[in-house]
Amino acid sequence: PLLAGNRFYLAGDWANSVKWLKQVVEAGGADATQAEHWLARAYLQLKQPAEALAIVDKLLPQAAKSEFLVDLKMDRADALYDLPAR
């Protein structure tokens, strides 16, 4: 599911990307952090920054040693920027 979600994201099919990436997140495991990063990006593309921010804010406290920490911080910054009440 991670590869499918990633490929749909890269193809610009963000709705299908969300569908597949949510499966990875729900299953947990080693790929969940990467899936959450791409899921946040997909929500940003779908103009849903609040959803992206919720995902990242939930994950950041436990991602201190993740290789995706910088990506998640950038996802958070992009979501905050895109919120209507910035």
# chains A, B, ... in the order shown; residues from 1 in each chain; ligands from 1

call {"tool": "residues_around", "arguments": {"residues": "Asn6 in chain A", "least_positions_apart": "4", "cutoff": "8 Å", "atoms": "only C-alpha atoms", "output": "list in words"}}
result
Leu2, Leu10, Ser17, Leu21 and Trp38 of chain A

call {"tool": "write_last_selection", "arguments": {"atoms": "N, CA and C atoms", "output": "mmCIF file, in the first residue's frame"}}
result
data_model
loop_
_atom_site.group_PDB
_atom_site.id
_atom_site.type_symbol
_atom_site.label_atom_id
_atom_site.label_comp_id
_atom_site.auth_asym_id
_atom_site.auth_seq_id
_atom_site.Cartn_x
_atom_site.Cartn_y
_atom_site.Cartn_z
ATOM 1 N N LEU A 2 2.029 1.260 0.643
ATOM 2 C CA LEU A 2 2.860 2.469 0.662
ATOM 3 C C LEU A 2 3.289 2.836 -0.747
ATOM 4 N N LEU A 10 2.489 10.800 -6.730
ATOM 5 C CA LEU A 10 3.361 11.316 -7.794
ATOM 6 C C LEU A 10 2.613 11.513 -9.110
ATOM 7 N N SER A 17 -4.265 8.429 -3.406
ATOM 8 C CA SER A 17 -3.076 8.391 -2.567
ATOM 9 C C SER A 17 -3.482 8.335 -1.095
ATOM 10 N N LEU A 21 -2.518 5.376 1.522
ATOM 11 C CA LEU A 21 -1.620 5.747 2.623
ATOM 12 C C LEU A 21 -2.290 5.578 3.981
ATOM 13 N N TRP A 38 3.697 11.400 3.541
ATOM 14 C CA TRP A 38 3.071 11.508 2.219
ATOM 15 C C TRP A 38 1.578 11.796 2.340
#

call {"tool": "closest_atom_pairs", "arguments": {"of": "range 22-54 of chain A", "to": "range 79-82 of chain A", "cutoff": "10 Å", "atoms": "only C-alpha atoms", "output": "Markdown table"}}
result
| residue | atom | partner | partner_atom | distance |
| --- | --- | --- | --- | --- |
| A:Ala40 | CA | A:Ala79 | CA | 8.4 |
| A:Arg41 | CA | A:Ala79 | CA | 8.9 |
| A:Tyr43 | CA | A:Ala79 | CA | 9.0 |
| A:Leu44 | CA | A:Ala79 | CA | 6.7 |
| A:Lys47 | CA | A:Asp82 | CA | 7.9 |
| A:Gln48 | CA | A:Ala79 | CA | 8.3 |
| A:Pro49 | CA | A:Ala79 | CA | 4.7 |
| A:Ala50 | CA | A:Ala79 | CA | 6.9 |
| A:Glu51 | CA | A:Ala79 | CA | 8.6 |
| A:Ala52 | CA | A:Ala79 | CA | 6.2 |
| A:Leu53 | CA | A:Ala79 | CA | 5.6 |
| A:Ala54 | CA | A:Ala79 | CA | 9.3 |

call {"tool": "residues_around", "arguments": {"residues": "Leu60 in chain A", "least_positions_apart": "5", "cutoff": "8 Å", "atoms": "only C-alpha atoms", "output": "number ranges by chain"}}
result
A: 69, 72-73

call {"tool": "closest_residue", "arguments": {"among": "A:Ala42, A:Ala64, A:Glu26, A:Met74", "to": "Arg7 in chain A", "atoms": "only C-alpha atoms"}}
result
A:Ala42

call {"tool": "residues_around", "arguments": {"residues": "Phe68 in chain A", "least_positions_apart": "2", "cutoff": "8 Å", "atoms": "only C-alpha atoms", "output": "PyMOL selection string"}}
result
chain A and resi 33-34+37+63+66+70-72

call {"tool": "atom_distance", "arguments": {"atom1": "CA of Leu83 in chain A", "atom2": "CA of Glu67 in chain A"}}
result
26.1 Å

call {"tool": "select_by_dssp", "arguments": {"residues": "chain A", "states": "helix (DSSP H, G or I)", "output": "PyMOL selection string"}}
result
chain A and resi 2-10+14-27+32-45+49-62+69-82

call {"tool": "atom_distance", "arguments": {"atom1": "CA of Leu39 in chain A", "atom2": "CA of Ile55 in chain A"}}
result
8.1 Å

call {"tool": "closest_residue", "arguments": {"among": "A:Gln45, A:Pro61, A:Gly29, A:Ala85", "to": "Ala15 in chain A", "atoms": "only C-alpha atoms"}}
result
A:Gln45
